[in-house]
Amino acid sequence: MQKLVRCAIVPVAGLGTRLLPATKSQPKEMLPVARKPIVQYVAEELVANGIEQILFITGRGKTSIENHFDYDPELARLLQAANKQELVEQLHAVELNAKFFYTRQRMQRGLGDAVLCGENFAGEEPFVVALGDSIIGLNASSRAVSRMAELFVARRASCVLAVEEVPPEETAHYGIVEPAEPDGDVFRVANLVEKPPPARAPSNLAIAGRYIFSPLIFDMIRRVQPDARGEIQLTDAIQLMCEEGRRVLALKLPPGEKRYDIGNFPSYFETFVEFALADPDYGPGLRAALERMLVRMPPRS
Ligand code: UTP
């Protein structure tokens, strides 16, 4: 059977101001989490979920992302000549069985605008959107995108969102969904609210950085008015789909397929430590070092 969802759009054009000064001259999506840059985990997850073509929506100052996925013959030659076979293998590990494309978002006018840059790439086919600053599952082990694609086809959806539970007091940081159906791991979405304060939040289920869309989303994005900061929000375009009665579904991520958002320092620090602790070679040593550190540095009262 021909695969229906083969393409993914990965927006990586954001300015990453919450991670300044780390992101002054390098993309946040290239910051390392343990051994690899974040964007490598995102691409590995997509390929493991059957995606064959990936379009990165980049911007000024993001060329290192393109360089990362490119072959570097000089480096390969140097490592070969130095007989560092193990490192040559590390270089090969970056190569993935997918075609990579790049285009630029000229102005950082929000996630909706970034996705719109992928319209010609997507054509008439449904496609995945995967945020370039979020990893799903420890070491990108999640197969949620495959389950979302199955759901998209089986339920003839216009959109499938990955959602995760967040602490109720933190809803103001996320796009929050209002389920149209009682509890369950898969449900229809009635409405979406962008960053509601806890008192106005319809649930504590936040959109978790993975989406599948029919190409209909592009018309919806074009109809969205910019917000107070001049940004076109993808959430607003999905809300238009809900208002038109299109089938917008949500799939709840299980605890083992947690979303690691590296767009802010607390979450980035935690993600780095968790992935480094899971490293088969260096994790045990890090654990021992952390235990020593915690004894030496008790919490400040
Ligand atoms: P964020 O909402 O985290 O925005 O983007 P940001 O601009 O990168 O970060 P801050 O708020 O300044 O710290 C979520 C994802 O959408 C992309 C980002 O690169 C990130 O992967 N994005 C965001 C774009 O591609 N274009 C935009 O205009 C905004």
# chains A, B, ... in the order shown; residues from 1 in each chain; ligands from 1
>>> select_by_dssp(residues="segment 64-208 of chain A", states="helix (DSSP H, G or I)", output="VMD selection string")
chain A and resid 64 to 69 73 to 81 85 to 94 111 to 116 119 to 122 138 to 140 144 to 154 168 to 173 198 to 200
>>> closest_atom_pairs(of="segment 182-248 of chain A", to="segment 147-164 of chain A", cutoff="9 Å", atoms="only C-alpha atoms", output="CSV")
residue,atom,partner,partner_atom,distance
A:Val186,CA,A:Leu151,CA,8.9
A:Asn204,CA,A:Glu164,CA,8.1
A:Leu205,CA,A:Glu164,CA,5.3
A:Ala206,CA,A:Val163,CA,5.2
A:Ile207,CA,A:Val163,CA,4.4
A:Ala208,CA,A:Val163,CA,4.9
A:Gly209,CA,A:Ala162,CA,7.0
A:Arg210,CA,A:Ala162,CA,5.5
A:Tyr211,CA,A:Leu161,CA,4.6
A:Ile212,CA,A:Val160,CA,5.1
A:Phe213,CA,A:Cys159,CA,4.6
A:Ser214,CA,A:Ser158,CA,5.2
A:Pro215,CA,A:Ser158,CA,8.5
A:Leu216,CA,A:Ser158,CA,7.4
A:Ile217,CA,A:Ser158,CA,8.1
A:Ile238,CA,A:Cys159,CA,7.8
A:Met241,CA,A:Ser158,CA,7.9
A:Arg246,CA,A:Ser158,CA,6.2
A:Arg247,CA,A:Ala157,CA,4.9
A:Val248,CA,A:Cys159,CA,4.8
>>> write_last_selection(atoms="N, CA and C atoms", output="CSV table (one decimal), in the first residue's frame")
chain,number,residue,atom,x,y,z
A,186,VAL,N,-7.4,9.2,22.5
A,186,VAL,CA,-7.7,9.8,21.2
A,186,VAL,C,-9.0,10.5,21.3
A,204,ASN,N,-5.9,20.6,30.7
A,204,ASN,CA,-4.4,20.8,30.9
A,204,ASN,C,-3.7,20.0,29.8
A,205,LEU,N,-4.3,19.9,28.7
A,205,LEU,CA,-3.7,19.1,27.6
A,205,LEU,C,-3.1,20.1,26.6
A,206,ALA,N,-1.8,20.1,26.5
A,206,ALA,CA,-1.0,21.0,25.6
A,206,ALA,C,-0.6,20.4,24.3
A,207,ILE,N,-0.6,21.2,23.2
A,207,ILE,CA,-0.1,20.7,21.9
A,207,ILE,C,1.4,20.5,22.1
A,208,ALA,N,1.9,19.3,21.6
A,208,ALA,CA,3.2,18.8,22.0
A,208,ALA,C,4.2,18.8,20.8
A,209,GLY,N,4.1,19.8,19.9
A,209,GLY,CA,5.2,19.9,18.9
A,209,GLY,C,5.1,19.0,17.7
A,210,ARG,N,4.1,18.1,17.6
A,210,ARG,CA,3.9,17.3,16.4
A,210,ARG,C,2.5,17.4,15.9
A,211,TYR,N,2.4,17.6,14.6
A,211,TYR,CA,1.1,17.7,13.9
A,211,TYR,C,1.0,17.0,12.6
A,212,ILE,N,-0.1,16.5,12.2
A,212,ILE,CA,-0.3,16.1,10.8
A,212,ILE,C,-1.4,16.9,10.2
A,213,PHE,N,-1.2,17.5,9.0
A,213,PHE,CA,-2.2,18.3,8.4
A,213,PHE,C,-2.6,17.9,7.0
A,214,SER,N,-3.8,18.1,6.6
A,214,SER,CA,-4.1,18.1,5.2
A,214,SER,C,-3.7,19.5,4.6
A,215,PRO,N,-3.5,19.6,3.3
A,215,PRO,CA,-3.0,20.8,2.7
A,215,PRO,C,-4.0,22.0,2.9
A,216,LEU,N,-5.2,21.6,3.4
A,216,LEU,CA,-6.2,22.6,3.7
A,216,LEU,C,-5.7,23.7,4.7
A,217,ILE,N,-4.7,23.3,5.5
A,217,ILE,CA,-4.2,24.2,6.6
A,217,ILE,C,-3.6,25.5,6.0
A,238,ILE,N,-5.5,26.3,13.2
A,238,ILE,CA,-6.2,25.0,13.6
A,238,ILE,C,-7.6,25.3,14.2
A,241,MET,N,-10.1,25.6,11.6
A,241,MET,CA,-10.5,24.3,11.2
A,241,MET,C,-11.6,23.8,12.1
A,246,ARG,N,-14.3,21.0,10.6
A,246,ARG,CA,-13.3,20.0,10.1
A,246,ARG,C,-12.9,19.0,11.3
A,247,ARG,N,-12.5,17.8,10.9
A,247,ARG,CA,-12.2,16.9,12.0
A,247,ARG,C,-10.8,17.1,12.4
A,248,VAL,N,-10.7,17.7,13.6
A,248,VAL,CA,-9.3,17.9,14.3
A,248,VAL,C,-9.3,16.9,15.4
>>> atom_distance(atom1="atom CA of Pro179 of chain A", atom2="atom CA of Arg259 of chain A")
19.8 Å
>>> closest_residue(among="A:Ile262, A:Ala140, A:Leu240, A:Val224", to="ligand 1", atoms="only C-alpha atoms and all ligand atoms")
A:Ile262
>>> residues_near_ligand(ligand="ligand 1", cutoff="8 Å", atoms="only C-alpha atoms and all ligand atoms", output="number ranges by chain")
A: 10-19, 28-29, 57-59, 105, 107-115, 131-134, 231, 263-264
>>> write_last_selection(atoms="N, CA, C and O atoms", output="CSV table (one decimal), in the first residue's frame")
chain,number,residue,atom,x,y,z
A,10,VAL,N,9.9,21.0,9.1
A,10,VAL,CA,10.5,21.2,10.4
A,10,VAL,C,10.8,22.7,10.5
A,10,VAL,O,11.8,23.1,9.9
A,11,PRO,N,10.0,23.5,11.2
A,11,PRO,CA,10.3,24.9,11.3
A,11,PRO,C,11.5,25.1,12.3
A,11,PRO,O,11.4,24.6,13.4
A,12,VAL,N,12.5,25.8,11.9
A,12,VAL,CA,13.7,26.1,12.7
A,12,VAL,C,14.1,27.5,12.6
A,12,VAL,O,15.3,27.8,12.8
A,13,ALA,N,13.2,28.4,12.2
A,13,ALA,CA,13.6,29.8,11.8
A,13,ALA,C,13.5,30.7,13.0
A,13,ALA,O,13.9,31.9,12.9
A,14,GLY,N,12.9,30.3,14.2
A,14,GLY,CA,12.7,31.2,15.3
A,14,GLY,C,14.0,31.7,15.8
A,14,GLY,O,15.1,31.2,15.6
A,15,LEU,N,13.8,32.9,16.6
A,15,LEU,CA,15.0,33.6,17.0
A,15,LEU,C,15.6,33.0,18.3
A,15,LEU,O,16.7,33.2,18.7
A,16,GLY,N,14.8,32.2,19.0
A,16,GLY,CA,15.3,31.5,20.3
A,16,GLY,C,15.7,32.5,21.3
A,16,GLY,O,16.7,32.3,22.0
A,17,THR,N,15.0,33.6,21.5
A,17,THR,CA,15.4,34.7,22.4
A,17,THR,C,15.4,34.2,23.9
A,17,THR,O,16.2,34.7,24.7
A,18,ARG,N,14.6,33.2,24.2
A,18,ARG,CA,14.6,32.7,25.6
A,18,ARG,C,15.9,32.0,26.0
A,18,ARG,O,16.1,31.8,27.1
A,19,LEU,N,16.7,31.7,25.0
A,19,LEU,CA,18.0,31.0,25.3
A,19,LEU,C,19.2,31.9,25.1
A,19,LEU,O,20.3,31.4,24.9
A,28,LYS,N,19.1,27.6,18.2
A,28,LYS,CA,18.8,26.8,19.4
A,28,LYS,C,18.7,25.3,19.0
A,28,LYS,O,19.0,24.5,19.8
A,29,GLU,N,18.2,25.1,17.7
A,29,GLU,CA,18.0,23.7,17.3
A,29,GLU,C,19.4,23.0,17.1
A,29,GLU,O,19.3,21.8,17.0
A,57,ILE,N,12.5,24.7,7.5
A,57,ILE,CA,12.2,26.2,7.3
A,57,ILE,C,13.2,26.9,8.1
A,57,ILE,O,13.1,27.0,9.4
A,58,THR,N,14.2,27.5,7.5
A,58,THR,CA,15.4,28.1,8.2
A,58,THR,C,15.3,29.6,8.1
A,58,THR,O,14.3,30.1,7.6
A,59,GLY,N,16.3,30.3,8.5
A,59,GLY,CA,16.3,31.7,8.5
A,59,GLY,C,17.8,32.2,8.5
A,59,GLY,O,18.7,31.3,8.5
A,105,GLN,N,12.4,31.3,5.9
A,105,GLN,CA,11.4,32.2,6.2
A,105,GLN,C,12.0,33.6,6.3
A,105,GLN,O,13.0,33.8,7.1
A,107,MET,N,11.1,36.7,7.3
A,107,MET,CA,10.9,37.4,8.5
A,107,MET,C,10.3,36.4,9.6
A,107,MET,O,9.4,35.6,9.2
A,108,GLN,N,10.7,36.6,10.8
A,108,GLN,CA,10.2,35.7,11.8
A,108,GLN,C,8.8,36.1,12.2
A,108,GLN,O,8.6,36.8,13.2
A,109,ARG,N,7.8,35.7,11.4
A,109,ARG,CA,6.4,36.2,11.6
A,109,ARG,C,5.5,35.1,12.2
A,109,ARG,O,4.3,35.0,12.0
A,110,GLY,N,6.1,34.2,13.0
A,110,GLY,CA,5.4,33.2,13.7
A,110,GLY,C,5.4,31.9,13.0
A,110,GLY,O,5.7,31.7,11.9
A,111,LEU,N,4.9,30.9,13.8
A,111,LEU,CA,5.0,29.5,13.4
A,111,LEU,C,4.0,29.2,12.2
A,111,LEU,O,4.4,28.5,11.3
A,112,GLY,N,2.9,29.9,12.2
A,112,GLY,CA,1.9,29.7,11.1
A,112,GLY,C,2.6,30.2,9.8
A,112,GLY,O,2.5,29.5,8.8
A,113,ASP,N,3.2,31.3,9.8
A,113,ASP,CA,3.9,31.8,8.7
A,113,ASP,C,5.0,30.9,8.2
A,113,ASP,O,5.2,30.7,7.0
A,114,ALA,N,5.7,30.3,9.2
A,114,ALA,CA,6.8,29.4,8.9
A,114,ALA,C,6.3,28.2,8.1
A,114,ALA,O,6.8,27.8,7.1
A,115,VAL,N,5.2,27.6,8.6
A,115,VAL,CA,4.6,26.5,8.0
A,115,VAL,C,4.1,26.8,6.5
A,115,VAL,O,4.3,26.0,5.6
A,131,LEU,N,8.2,20.4,15.4
A,131,LEU,CA,9.0,21.6,15.8
A,131,LEU,C,10.4,21.2,16.0
A,131,LEU,O,10.7,20.2,16.7
A,132,GLY,N,11.3,22.0,15.5
A,132,GLY,CA,12.7,21.7,15.6
A,132,GLY,C,13.3,21.9,16.9
A,132,GLY,O,14.5,21.6,17.1
A,133,ASP,N,12.6,22.4,17.9
A,133,ASP,CA,13.1,22.5,19.3
A,133,ASP,C,12.5,21.6,20.3
A,133,ASP,O,12.5,21.8,21.5
A,134,SER,N,11.9,20.5,19.8
A,134,SER,CA,11.2,19.5,20.7
A,134,SER,C,11.6,18.1,20.2
A,134,SER,O,11.4,17.7,19.1
A,231,GLU,N,2.6,38.2,14.9
A,231,GLU,CA,2.9,36.8,14.5
A,231,GLU,C,1.6,36.1,14.0
A,231,GLU,O,0.6,36.3,14.6
A,263,GLY,N,13.2,24.8,24.4
A,263,GLY,CA,13.1,26.3,24.1
A,263,GLY,C,13.3,27.2,25.3
A,263,GLY,O,13.3,28.4,25.1
A,264,ASN,N,13.4,26.6,26.5
A,264,ASN,CA,13.7,27.5,27.7
A,264,ASN,C,14.8,26.8,28.5
A,264,ASN,O,14.9,25.6,28.4
>>> residues_around(residues="segment 35-46 of chain A", least_positions_apart="4", cutoff="10 Å", atoms="only C-alpha atoms", output="tab-separated table (two decimals) with N, CA, C and O atoms, in the first residue's frame")
chain	number	residue	atom	x	y	z
A	6	ARG	N	4.35	11.09	3.84
A	6	ARG	CA	5.76	10.85	3.53
A	6	ARG	C	6.64	12.06	3.79
A	6	ARG	O	7.85	11.98	3.76
A	7	CYS	N	5.99	13.22	3.95
A	7	CYS	CA	6.76	14.47	4.02
A	7	CYS	C	6.61	15.13	5.37
A	7	CYS	O	5.55	15.04	6.00
A	8	ALA	N	7.67	15.82	5.79
A	8	ALA	CA	7.59	16.58	7.05
A	8	ALA	C	8.19	17.96	6.86
A	8	ALA	O	9.18	18.12	6.12
A	10	VAL	N	9.88	20.96	9.08
A	10	VAL	CA	10.47	21.21	10.40
A	10	VAL	C	10.84	22.69	10.50
A	10	VAL	O	11.84	23.13	9.92
A	12	VAL	N	12.53	25.79	11.85
A	12	VAL	CA	13.70	26.06	12.72
A	12	VAL	C	14.14	27.52	12.56
A	12	VAL	O	15.30	27.85	12.77
A	27	PRO	N	21.89	28.59	16.10
A	27	PRO	CA	20.48	28.23	16.25
A	27	PRO	C	20.26	27.41	17.51
A	27	PRO	O	21.09	26.57	17.85
A	28	LYS	N	19.12	27.63	18.19
A	28	LYS	CA	18.84	26.81	19.38
A	28	LYS	C	18.71	25.35	18.98
A	28	LYS	O	19.01	24.45	19.75
A	29	GLU	N	18.24	25.11	17.75
A	29	GLU	CA	18.03	23.73	17.29
A	29	GLU	C	19.35	22.97	17.12
A	29	GLU	O	19.35	21.76	16.96
A	30	MET	N	20.48	23.70	17.15
A	30	MET	CA	21.79	23.04	17.04
A	30	MET	C	22.46	22.88	18.41
A	30	MET	O	23.58	22.37	18.49
A	31	LEU	N	21.81	23.32	19.47
A	31	LEU	CA	22.40	23.12	20.80
A	31	LEU	C	22.46	21.62	21.06
A	31	LEU	O	21.55	20.88	20.69
A	50	GLY	N	8.92	6.69	9.29
A	50	GLY	CA	8.58	6.48	7.89
A	50	GLY	C	8.59	7.72	7.00
A	50	GLY	O	8.19	7.66	5.84
A	51	ILE	N	9.08	8.83	7.53
A	51	ILE	CA	9.13	10.05	6.71
A	51	ILE	C	10.30	9.97	5.73
A	51	ILE	O	11.42	9.59	6.10
A	52	GLU	N	10.04	10.33	4.47
A	52	GLU	CA	11.05	10.18	3.43
A	52	GLU	C	11.64	11.51	2.97
A	52	GLU	O	12.71	11.56	2.38
A	53	GLN	N	10.90	12.60	3.18
A	53	GLN	CA	11.38	13.92	2.73
A	53	GLN	C	11.16	14.93	3.84
A	53	GLN	O	10.05	15.01	4.39
A	54	ILE	N	12.20	15.69	4.15
A	54	ILE	CA	12.10	16.66	5.24
A	54	ILE	C	12.48	18.04	4.73
A	54	ILE	O	13.56	18.21	4.15
A	56	PHE	N	13.30	21.76	5.99
A	56	PHE	CA	13.58	22.65	7.11
A	56	PHE	C	13.25	24.08	6.71
A	56	PHE	O	13.69	24.54	5.65
A	65	ILE	N	22.67	24.31	10.41
A	65	ILE	CA	21.75	23.15	10.35
A	65	ILE	C	21.96	22.42	9.02
A	65	ILE	O	22.09	21.19	8.98
A	68	HIS	N	25.20	20.61	9.06
A	68	HIS	CA	25.20	19.42	9.91
A	68	HIS	C	24.76	18.18	9.12
A	68	HIS	O	25.34	17.10	9.27
A	69	PHE	N	23.74	18.34	8.27
A	69	PHE	CA	23.23	17.17	7.55
A	69	PHE	C	23.96	16.92	6.23
A	69	PHE	O	23.68	15.95	5.54
A	93	ALA	N	26.71	8.12	11.14
A	93	ALA	CA	25.47	8.02	11.92
A	93	ALA	C	24.58	9.24	11.71
A	93	ALA	O	23.36	9.17	11.90
A	94	VAL	N	25.18	10.35	11.33
A	94	VAL	CA	24.40	11.57	11.10
A	94	VAL	C	23.55	11.44	9.83
A	94	VAL	O	22.48	12.01	9.70
A	95	GLU	N	24.09	10.63	8.86
A	95	GLU	CA	23.40	10.50	7.58
A	95	GLU	C	22.12	9.68	7.78
A	95	GLU	O	22.14	8.65	8.42
A	96	LEU	N	21.06	10.17	7.23
A	96	LEU	CA	19.78	9.48	7.42
A	96	LEU	C	19.18	9.15	6.07
A	96	LEU	O	19.46	9.82	5.07
A	97	ASN	N	18.33	8.12	6.08
A	97	ASN	CA	17.74	7.66	4.84
A	97	ASN	C	16.51	8.49	4.47
A	97	ASN	O	15.38	8.04	4.53
A	98	ALA	N	16.79	9.76	4.14
A	98	ALA	CA	15.69	10.67	3.76
A	98	ALA	C	16.29	11.77	2.89
A	98	ALA	O	17.51	12.00	2.91
A	100	PHE	N	16.66	15.74	2.17
A	100	PHE	CA	16.56	16.98	2.95
A	100	PHE	C	16.43	18.18	2.02
A	100	PHE	O	17.13	18.27	1.01
A	128	VAL	N	3.55	16.08	7.91
A	128	VAL	CA	3.83	16.25	9.35
A	128	VAL	C	4.45	17.62	9.56
A	128	VAL	O	5.21	18.09	8.72
A	129	VAL	N	4.13	18.27	10.67
A	129	VAL	CA	4.93	19.41	11.14
A	129	VAL	C	5.56	18.97	12.46
A	129	VAL	O	4.86	18.50	13.36
A	130	ALA	N	6.89	19.07	12.53
A	130	ALA	CA	7.62	18.69	13.75
A	130	ALA	C	8.46	19.89	14.18
A	130	ALA	O	9.33	20.33	13.42
A	131	LEU	N	8.18	20.43	15.36
A	131	LEU	CA	8.95	21.58	15.81
A	131	LEU	C	10.42	21.19	16.03
A	131	LEU	O	10.70	20.18	16.67
A	132	GLY	N	11.28	22.03	15.51
A	132	GLY	CA	12.72	21.72	15.56
A	132	GLY	C	13.34	21.89	16.93
A	132	GLY	O	14.51	21.59	17.12
A	133	ASP	N	12.55	22.36	17.92
A	133	ASP	CA	13.12	22.53	19.26
A	133	ASP	C	12.48	21.56	20.25
A	133	ASP	O	12.55	21.79	21.45
A	134	SER	N	11.85	20.51	19.76
A	134	SER	CA	11.22	19.54	20.65
A	134	SER	C	11.57	18.11	20.24
A	134	SER	O	11.44	17.75	19.07
A	135	ILE	N	12.01	17.32	21.22
A	135	ILE	CA	12.31	15.90	20.99
A	135	ILE	C	11.18	15.11	21.65
A	135	ILE	O	10.73	15.47	22.74
A	136	ILE	N	10.69	14.07	20.98
A	136	ILE	CA	9.61	13.27	21.58
A	136	ILE	C	10.17	11.90	21.97
A	136	ILE	O	10.62	11.14	21.12
A	137	GLY	N	10.12	11.63	23.27
A	137	GLY	CA	10.63	10.36	23.80
A	137	GLY	C	12.12	10.41	24.05
A	137	GLY	O	12.85	11.08	23.31
A	138	LEU	N	12.57	9.71	25.11
A	138	LEU	CA	14.00	9.67	25.42
A	138	LEU	C	14.75	9.14	24.20
A	138	LEU	O	14.39	8.12	23.64
A	139	ASN	N	15.78	9.87	23.77
A	139	ASN	CA	16.54	9.53	22.56
A	139	ASN	C	15.66	9.44	21.32
A	139	ASN	O	15.92	8.66	20.41
A	140	ALA	N	14.60	10.24	21.29
A	140	ALA	CA	13.72	10.35	20.12
A	140	ALA	C	13.07	9.02	19.76
A	140	ALA	O	12.87	8.70	18.59
A	141	SER	N	12.77	8.22	20.79
A	141	SER	CA	12.28	6.87	20.55
A	141	SER	C	10.79	6.81	20.18
A	141	SER	O	10.27	5.74	19.91
A	142	SER	N	10.10	7.95	20.17
A	142	SER	CA	8.64	7.93	19.99
A	142	SER	C	8.20	7.46	18.60
A	142	SER	O	8.82	7.81	17.59
A	143	ARG	N	7.14	6.70	18.60
A	143	ARG	CA	6.50	6.31	17.32
A	143	ARG	C	5.13	6.99	17.22
A	143	ARG	O	4.24	6.52	16.49
A	144	ALA	N	4.95	8.07	17.94
A	144	ALA	CA	3.65	8.76	17.94
A	144	ALA	C	3.28	9.25	16.54
A	144	ALA	O	2.11	9.17	16.15
A	145	VAL	N	4.27	9.71	15.77
A	145	VAL	CA	3.95	10.24	14.43
A	145	VAL	C	3.33	9.14	13.56
A	145	VAL	O	2.38	9.39	12.81
A	146	SER	N	3.83	7.89	13.69
A	146	SER	CA	3.24	6.79	12.91
A	146	SER	C	1.80	6.55	13.33
A	146	SER	O	0.91	6.35	12.49
A	260	TYR	N	10.24	16.64	25.11
A	260	TYR	CA	11.33	17.42	25.68
A	260	TYR	C	11.42	18.73	24.89
A	260	TYR	O	11.85	18.72	23.74
A	261	ASP	N	10.99	19.81	25.52
A	261	ASP	CA	11.00	21.13	24.86
A	261	ASP	C	12.29	21.82	25.30
A	261	ASP	O	12.49	22.05	26.49
A	262	ILE	N	13.14	22.13	24.34
A	262	ILE	CA	14.41	22.74	24.77
A	262	ILE	C	14.42	24.27	24.55
A	262	ILE	O	15.46	24.91	24.58
A	272	PHE	N	19.04	17.83	28.92
A	272	PHE	CA	20.45	17.46	28.72
A	272	PHE	C	20.86	16.42	29.75
A	272	PHE	O	21.44	15.37	29.42
A	275	PHE	N	19.18	12.91	29.18
A	275	PHE	CA	19.76	12.18	28.04
A	275	PHE	C	21.20	11.75	28.37
A	275	PHE	O	21.62	10.65	28.02
A	276	ALA	N	21.95	12.62	29.04
A	276	ALA	CA	23.34	12.27	29.37
A	276	ALA	C	23.37	11.11	30.37
A	276	ALA	O	24.20	10.21	30.26
A	279	ASP	N	23.12	7.83	28.70
A	279	ASP	CA	24.19	7.45	27.78
A	279	ASP	C	24.86	6.17	28.29
A	279	ASP	O	25.29	6.11	29.43
